Each structure stands twice: as structure tokens, then as C-alpha cells.
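Here is protein_36.txt, consisting of compact mmCIF, C-alpha atoms and all ligand atoms:
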# COMPACT_ATOMS: atom_id res chain seq x y z
CA MET A 229 116.37 73.22 118.43
CA ILE A 230 115.99 76.99 117.94
CA GLU A 231 118.41 79.82 117.36
CA TYR A 232 118.24 82.93 119.51
CA THR A 233 118.15 85.74 117.00
CA GLY A 234 117.88 89.48 117.28
CA GLU A 235 119.50 92.72 116.40
CA ARG A 236 123.24 92.67 117.06
CA ILE A 237 124.16 95.62 119.24
CA SER A 238 127.36 96.97 120.76
CA ARG A 239 128.28 97.22 124.42
CA LYS A 240 127.37 100.91 124.52
CA GLU A 241 123.96 100.35 122.90
CA THR A 242 123.32 97.43 125.27
CA ARG A 243 123.89 99.73 128.23
CA ARG A 244 121.58 102.33 126.75
CA ARG A 245 118.76 99.83 126.13
CA SER A 246 119.14 98.24 129.57
CA ASP A 247 118.60 101.65 131.17
CA GLU A 248 115.48 102.41 129.16
CA GLN A 249 112.37 102.36 131.28
CA GLY A 250 109.12 100.60 130.48
CA ARG A 251 110.58 98.43 127.77
CA LEU A 252 110.66 94.65 127.74
CA ILE A 253 114.24 93.51 127.84
CA TYR A 254 115.30 90.54 125.76
CA LEU A 255 119.04 91.01 125.72
CA PHE A 256 121.35 88.04 125.33
CA THR A 257 125.07 88.56 125.80
CA LEU A 258 126.97 86.92 122.97
CA ASP A 259 130.50 87.79 124.02
CA ASN A 260 132.49 90.61 125.62
CA TYR A 261 131.29 93.07 123.04
CA TRP A 262 128.16 91.95 121.25
CA THR A 263 124.66 91.45 122.56
CA LEU A 264 121.59 90.26 120.69
CA ASP A 265 118.34 92.11 121.29
CA GLY A 266 115.56 89.58 120.79
CA ALA A 267 112.97 92.38 120.93
CA VAL A 268 114.08 93.24 117.39
CA GLY A 269 113.92 90.33 114.96
CA GLY A 270 113.67 87.67 117.62
CA SER A 271 112.92 84.05 116.65
CA GLY A 272 110.63 83.43 119.62
CA ALA A 273 113.50 82.00 121.69
CA GLU A 274 113.50 85.25 123.66
CA TYR A 275 110.23 84.24 125.33
CA ILE A 276 111.66 81.10 126.92
CA ASN A 277 111.72 81.40 130.69
CA HIS A 278 114.56 80.81 133.10
CA CYS A 279 114.93 77.68 135.22
CA CYS A 280 117.91 76.61 137.36
CA ASP A 281 117.48 73.04 136.07
CA PRO A 282 116.43 73.78 132.50
CA ASN A 283 115.65 71.40 129.65
CA ILE A 284 117.50 73.57 127.15
CA LEU A 285 121.24 74.12 126.92
CA THR A 286 122.76 77.24 125.37
CA VAL A 287 125.56 76.73 122.87
CA ILE A 288 127.40 79.72 121.41
CA ARG A 289 128.99 78.79 118.10
CA ASN A 290 130.45 81.07 115.43
CA GLY A 291 128.60 84.08 116.73
CA HIS A 292 125.28 82.25 116.90
CA ILE A 293 123.32 81.41 120.01
CA LEU A 294 121.80 77.95 119.73
CA TYR A 295 119.30 76.40 122.11
CA MET A 296 119.71 72.61 122.23
CA SER A 297 117.67 70.16 124.27
CA ARG A 298 119.50 68.84 127.34
CA ARG A 299 117.23 65.87 127.83
CA PRO A 300 114.12 64.41 126.22
CA ILE A 301 111.31 66.94 126.48
CA ARG A 302 107.78 65.72 127.09
CA LYS A 303 104.95 66.96 124.94
CA GLY A 304 103.46 70.06 126.53
CA GLU A 305 106.43 70.56 128.87
CA GLU A 306 107.49 74.19 129.22
CA LEU A 307 110.81 75.00 127.60
CA THR A 308 113.29 76.57 129.99
CA VAL A 309 116.86 77.79 129.84
CA ASP A 310 119.38 78.95 132.46
CA TYR A 311 119.86 82.69 131.88
CA HIS A 312 123.32 82.68 133.50
CA PHE A 313 123.03 86.34 134.49
CA SER A 314 126.32 87.77 135.70
CA LYS A 315 126.99 87.67 139.42
CA ASP A 316 128.17 91.28 139.07
CA ILE A 317 124.79 92.77 138.19
CA GLU A 318 121.70 93.30 140.30
CA ARG A 319 120.57 89.99 141.75
CA ILE A 320 117.18 88.81 140.52
CA PRO A 321 115.36 86.26 142.69
CA CYS A 322 114.37 82.93 141.13
CA LYS A 323 111.23 80.99 141.96
CA CYS A 324 111.57 78.29 139.32
CA GLY A 325 110.78 75.55 141.83
CA ALA A 326 113.52 73.21 140.64
CA GLU A 327 115.11 71.00 143.28
CA LYS A 328 118.47 72.55 142.43
CA CYS A 329 117.14 76.14 142.40
CA ARG A 330 119.92 78.50 143.47
CA GLY A 331 117.41 81.20 144.50
CA THR A 332 118.58 83.68 141.90
CA ILE A 333 118.76 83.92 138.13
CA ASN A 334 122.31 85.22 138.51
CA LEU A 335 125.31 82.95 138.71
CA LEU A 336 126.72 82.61 142.21
CA ILE A 337 130.36 82.30 141.16
ZN ZN C 1 115.67 78.66 140.20
Kindly return the structure encoded in the file as C-alpha cells.
Amino acid sequence: MIEYTGERISRKETRRRSDEQGRLIYLFTLDNYWTLDGAVGGSGAEYINHCCDPNILTVIRNGHILYMSRRPIRKGEELTVDYHFSKDIERIPCKCGAEKCRGTINLLI
């Protein structure tokens, strides 16, 4: 559907950018080392909001992050994706309103 693009940055640079204040964060973890920063060269995929029951599925293939539709999407329906934030970082509350909402953007396990 759309590829999540952005500048490819190392673990150290990811930490540095995450700590920067007053900056919009569009970081997507690719693997144990690399992160894509959608704020630099993003395709637009970085603006898609989180939902616990999203209509988009994330597929990581050959170093690329691909957003695929999980189910038929109605015209005008908002595109959403599950951010799968680590359970080990600060917990961010979720108010997506989905029936299956887990109450946080982070993974529980
Ligand atoms: Zn939710």
C-alpha cells in the first residue's frame, strides 16, 4: 500500500533524536540496530495514527517497512496501524476507541 521511508539512522542517533525536545518524533524501529526517521524523507506513512485494531499491517521485508491493508478499507476511512511500541519504554496511553483497545500504544507482553 505504502512504504514507510525516512533517513536510516543508527541506534546511537536514534537515542539522541528521541531525547531532543520540541521535535516531532517519527521514528520507526527497523531491527535491533537501524531505525527510520520519517521526519527526514518520509513518504507520508509517518502521519498514520495508531489503533489497537488497525486496518493496516506492517511487514518488514529486506530492510523495507511496508504497510499493507489488513482488510478492505472503506472510502474516507482513516488509515491506522498498530505502533507496537516496546513494553520496556515509557507507557503511552491509547484512546483509539477500538473494541480490542489494550489501553496503551505499547505492547503488553
Ligand atoms: Zn487502543
Point-to-point distance in Å for atom CA of Val309 of chain A and atom CA of Arg330 of chain A: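 These atoms are spaced 14.0 Å apart.
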Test item: residues lying within 9 Å of ligand ZN 1 (chain C) with only C-alpha atoms and all ligand atoms, as a list in words: His278, Cys279, Cys280, Asp281, Asp310, Pro321, Cys322, Lys323, Cys324, Gly325, Ala326, Glu327, Lys328, Cys329, Arg330, Gly331, Thr332 and Ile333 of chain A
d(atom CA of Gly266 of chain A, atom CA of Glu235 of chain A) in Å: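 Straight-line distance from atom CA of Gly266 of chain A to atom CA of Glu235 of chain A works out to 6.7 Å.
Atom CA of Glu248 of chain A is found 27.2 Å from atom CA of Tyr295 of chain A.
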Shell of 12 Å around Val287 of chain A, all atoms listed in the file, local chain residues under 6 positions omitted, as an MDAnalysis selection string: chainID A and resid 229:232 258 293:298 309:310
Could you check which residues have any atom within 12 Å of (110.1, 89.3, 118.1), counting all atoms listed in the file with coordinates taken straight from the file, and then list them as a compact mmCIF listing (two decimals) with C-alpha atoms, keeping the file's coordinate frame?
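Just written: part.txt:
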# COMPACT_ATOMS: atom_id res chain seq x y z
CA TYR A 232 118.24 82.93 119.51
CA THR A 233 118.15 85.74 117.00
CA GLY A 234 117.88 89.48 117.28
CA GLU A 235 119.50 92.72 116.40
CA LEU A 252 110.66 94.65 127.74
CA ILE A 253 114.24 93.51 127.84
CA TYR A 254 115.30 90.54 125.76
CA LEU A 255 119.04 91.01 125.72
CA LEU A 264 121.59 90.26 120.69
CA ASP A 265 118.34 92.11 121.29
CA GLY A 266 115.56 89.58 120.79
CA ALA A 267 112.97 92.38 120.93
CA VAL A 268 114.08 93.24 117.39
CA GLY A 269 113.92 90.33 114.96
CA GLY A 270 113.67 87.67 117.62
CA SER A 271 112.92 84.05 116.65
CA GLY A 272 110.63 83.43 119.62
CA ALA A 273 113.50 82.00 121.69
CA GLU A 274 113.50 85.25 123.66
CA TYR A 275 110.23 84.24 125.33
Option closest in space to Ile301 of chain A, from A:Arg244, A:Pro282, A:Ile237, A:Ile288 [counting all atoms listed in the file]: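 The closest residue to Ile301 of chain A is A:Pro282.
Checking A:Ser238, A:Asn260, A:Ser246, A:Thr286 one by one against Ile317 of chain A, counting all atoms listed in the file, you find the shortest gap at A:Ser246.
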With all heavy atoms as the target, complete segment 297-308 of chain A and hand it back as an mmCIF file, in the frame of the given file.
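Listing of part-v5.cif after writing:
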data_model
loop_
_atom_site.group_PDB
_atom_site.id
_atom_site.type_symbol
_atom_site.label_atom_id
_atom_site.label_comp_id
_atom_site.auth_asym_id
_atom_site.auth_seq_id
_atom_site.Cartn_x
_atom_site.Cartn_y
_atom_site.Cartn_z
ATOM 1 N N SER A 297 118.326 70.841 123.153
ATOM 2 C CA SER A 297 117.670 70.160 124.270
ATOM 3 C C SER A 297 118.708 69.415 125.099
ATOM 4 O O SER A 297 119.629 68.795 124.573
ATOM 5 C CB SER A 297 116.584 69.223 123.768
ATOM 6 O OG SER A 297 117.134 68.294 122.882
ATOM 7 N N ARG A 298 118.587 69.481 126.406
ATOM 8 C CA ARG A 298 119.500 68.840 127.340
ATOM 9 C C ARG A 298 119.081 67.421 127.663
ATOM 10 O O ARG A 298 119.853 66.617 128.158
ATOM 11 C CB ARG A 298 119.472 69.597 128.676
ATOM 12 C CG ARG A 298 120.483 70.684 128.816
ATOM 13 C CD ARG A 298 120.342 71.288 130.197
ATOM 14 N NE ARG A 298 121.063 70.528 131.209
ATOM 15 C CZ ARG A 298 120.747 70.541 132.509
ATOM 16 N NH1 ARG A 298 119.731 71.229 132.947
ATOM 17 N NH2 ARG A 298 121.470 69.850 133.360
ATOM 18 N N ARG A 299 117.799 67.177 127.510
ATOM 19 C CA ARG A 299 117.230 65.870 127.830
ATOM 20 C C ARG A 299 115.930 65.756 127.044
ATOM 21 O O ARG A 299 115.431 66.759 126.529
ATOM 22 C CB ARG A 299 116.976 65.747 129.328
ATOM 23 C CG ARG A 299 116.217 66.922 129.943
ATOM 24 C CD ARG A 299 116.015 66.698 131.424
ATOM 25 N NE ARG A 299 115.772 67.915 132.184
ATOM 26 C CZ ARG A 299 114.599 68.528 132.273
ATOM 27 N NH1 ARG A 299 113.550 68.040 131.643
ATOM 28 N NH2 ARG A 299 114.457 69.620 132.998
ATOM 29 N N PRO A 300 115.383 64.539 126.964
ATOM 30 C CA PRO A 300 114.120 64.410 126.220
ATOM 31 C C PRO A 300 113.063 65.306 126.843
ATOM 32 O O PRO A 300 112.970 65.399 128.065
ATOM 33 C CB PRO A 300 113.753 62.927 126.404
ATOM 34 C CG PRO A 300 115.024 62.255 126.787
ATOM 35 C CD PRO A 300 115.852 63.279 127.519
ATOM 36 N N ILE A 301 112.316 65.999 126.003
ATOM 37 C CA ILE A 301 111.310 66.940 126.480
ATOM 38 C C ILE A 301 109.930 66.359 126.183
ATOM 39 O O ILE A 301 109.638 65.967 125.056
ATOM 40 C CB ILE A 301 111.499 68.309 125.811
ATOM 41 C CG1 ILE A 301 112.870 68.883 126.222
ATOM 42 C CG2 ILE A 301 110.367 69.272 126.184
ATOM 43 C CD1 ILE A 301 113.286 70.130 125.477
ATOM 44 N N ARG A 302 109.133 66.283 127.244
ATOM 45 C CA ARG A 302 107.780 65.720 127.090
ATOM 46 C C ARG A 302 106.899 66.696 126.322
ATOM 47 O O ARG A 302 107.097 67.910 126.380
ATOM 48 C CB ARG A 302 107.150 65.467 128.466
ATOM 49 C CG ARG A 302 107.827 64.407 129.295
ATOM 50 C CD ARG A 302 107.036 64.164 130.590
ATOM 51 N NE ARG A 302 106.781 65.398 131.318
ATOM 52 C CZ ARG A 302 107.617 65.951 132.190
ATOM 53 N NH1 ARG A 302 108.780 65.377 132.451
ATOM 54 N NH2 ARG A 302 107.289 67.076 132.823
ATOM 55 N N LYS A 303 105.911 66.126 125.654
ATOM 56 C CA LYS A 303 104.950 66.960 124.940
ATOM 57 C C LYS A 303 104.229 67.861 125.948
ATOM 58 O O LYS A 303 103.805 67.402 126.997
ATOM 59 C CB LYS A 303 103.946 66.041 124.221
ATOM 60 C CG LYS A 303 103.149 66.753 123.161
ATOM 61 C CD LYS A 303 102.279 65.762 122.405
ATOM 62 C CE LYS A 303 101.279 66.535 121.548
ATOM 63 N NZ LYS A 303 100.328 65.624 120.910
ATOM 64 N N GLY A 304 104.157 69.139 125.646
ATOM 65 C CA GLY A 304 103.460 70.060 126.530
ATOM 66 C C GLY A 304 104.308 70.603 127.661
ATOM 67 O O GLY A 304 103.872 71.476 128.398
ATOM 68 N N GLU A 305 105.525 70.075 127.816
ATOM 69 C CA GLU A 305 106.430 70.560 128.870
ATOM 70 C C GLU A 305 106.928 71.960 128.495
ATOM 71 O O GLU A 305 107.241 72.225 127.339
ATOM 72 C CB GLU A 305 107.615 69.587 128.976
ATOM 73 C CG GLU A 305 108.550 69.891 130.116
ATOM 74 C CD GLU A 305 109.727 68.890 130.175
ATOM 75 O OE1 GLU A 305 109.622 67.775 129.615
ATOM 76 O OE2 GLU A 305 110.742 69.262 130.784
ATOM 77 N N GLU A 306 107.005 72.838 129.492
ATOM 78 C CA GLU A 306 107.490 74.190 129.220
ATOM 79 C C GLU A 306 108.990 74.159 128.926
ATOM 80 O O GLU A 306 109.747 73.485 129.609
ATOM 81 C CB GLU A 306 107.228 75.107 130.414
ATOM 82 C CG GLU A 306 107.596 76.544 130.082
ATOM 83 C CD GLU A 306 107.566 77.489 131.279
ATOM 84 O OE1 GLU A 306 107.137 77.086 132.360
ATOM 85 O OE2 GLU A 306 108.012 78.646 131.082
ATOM 86 N N LEU A 307 109.386 74.904 127.910
ATOM 87 C CA LEU A 307 110.810 75.000 127.600
ATOM 88 C C LEU A 307 111.445 76.022 128.541
ATOM 89 O O LEU A 307 110.891 77.089 128.790
ATOM 90 C CB LEU A 307 111.016 75.452 126.150
ATOM 91 C CG LEU A 307 110.478 74.510 125.090
ATOM 92 C CD1 LEU A 307 110.692 75.111 123.705
ATOM 93 C CD2 LEU A 307 111.148 73.144 125.181
ATOM 94 N N THR A 308 112.600 75.671 129.074
ATOM 95 C CA THR A 308 113.290 76.570 129.990
ATOM 96 C C THR A 308 114.786 76.558 129.701
ATOM 97 O O THR A 308 115.329 75.597 129.159
ATOM 98 C CB THR A 308 113.074 76.146 131.459
ATOM 99 O OG1 THR A 308 113.437 74.767 131.589
ATOM 100 C CG2 THR A 308 111.646 76.358 131.917
#
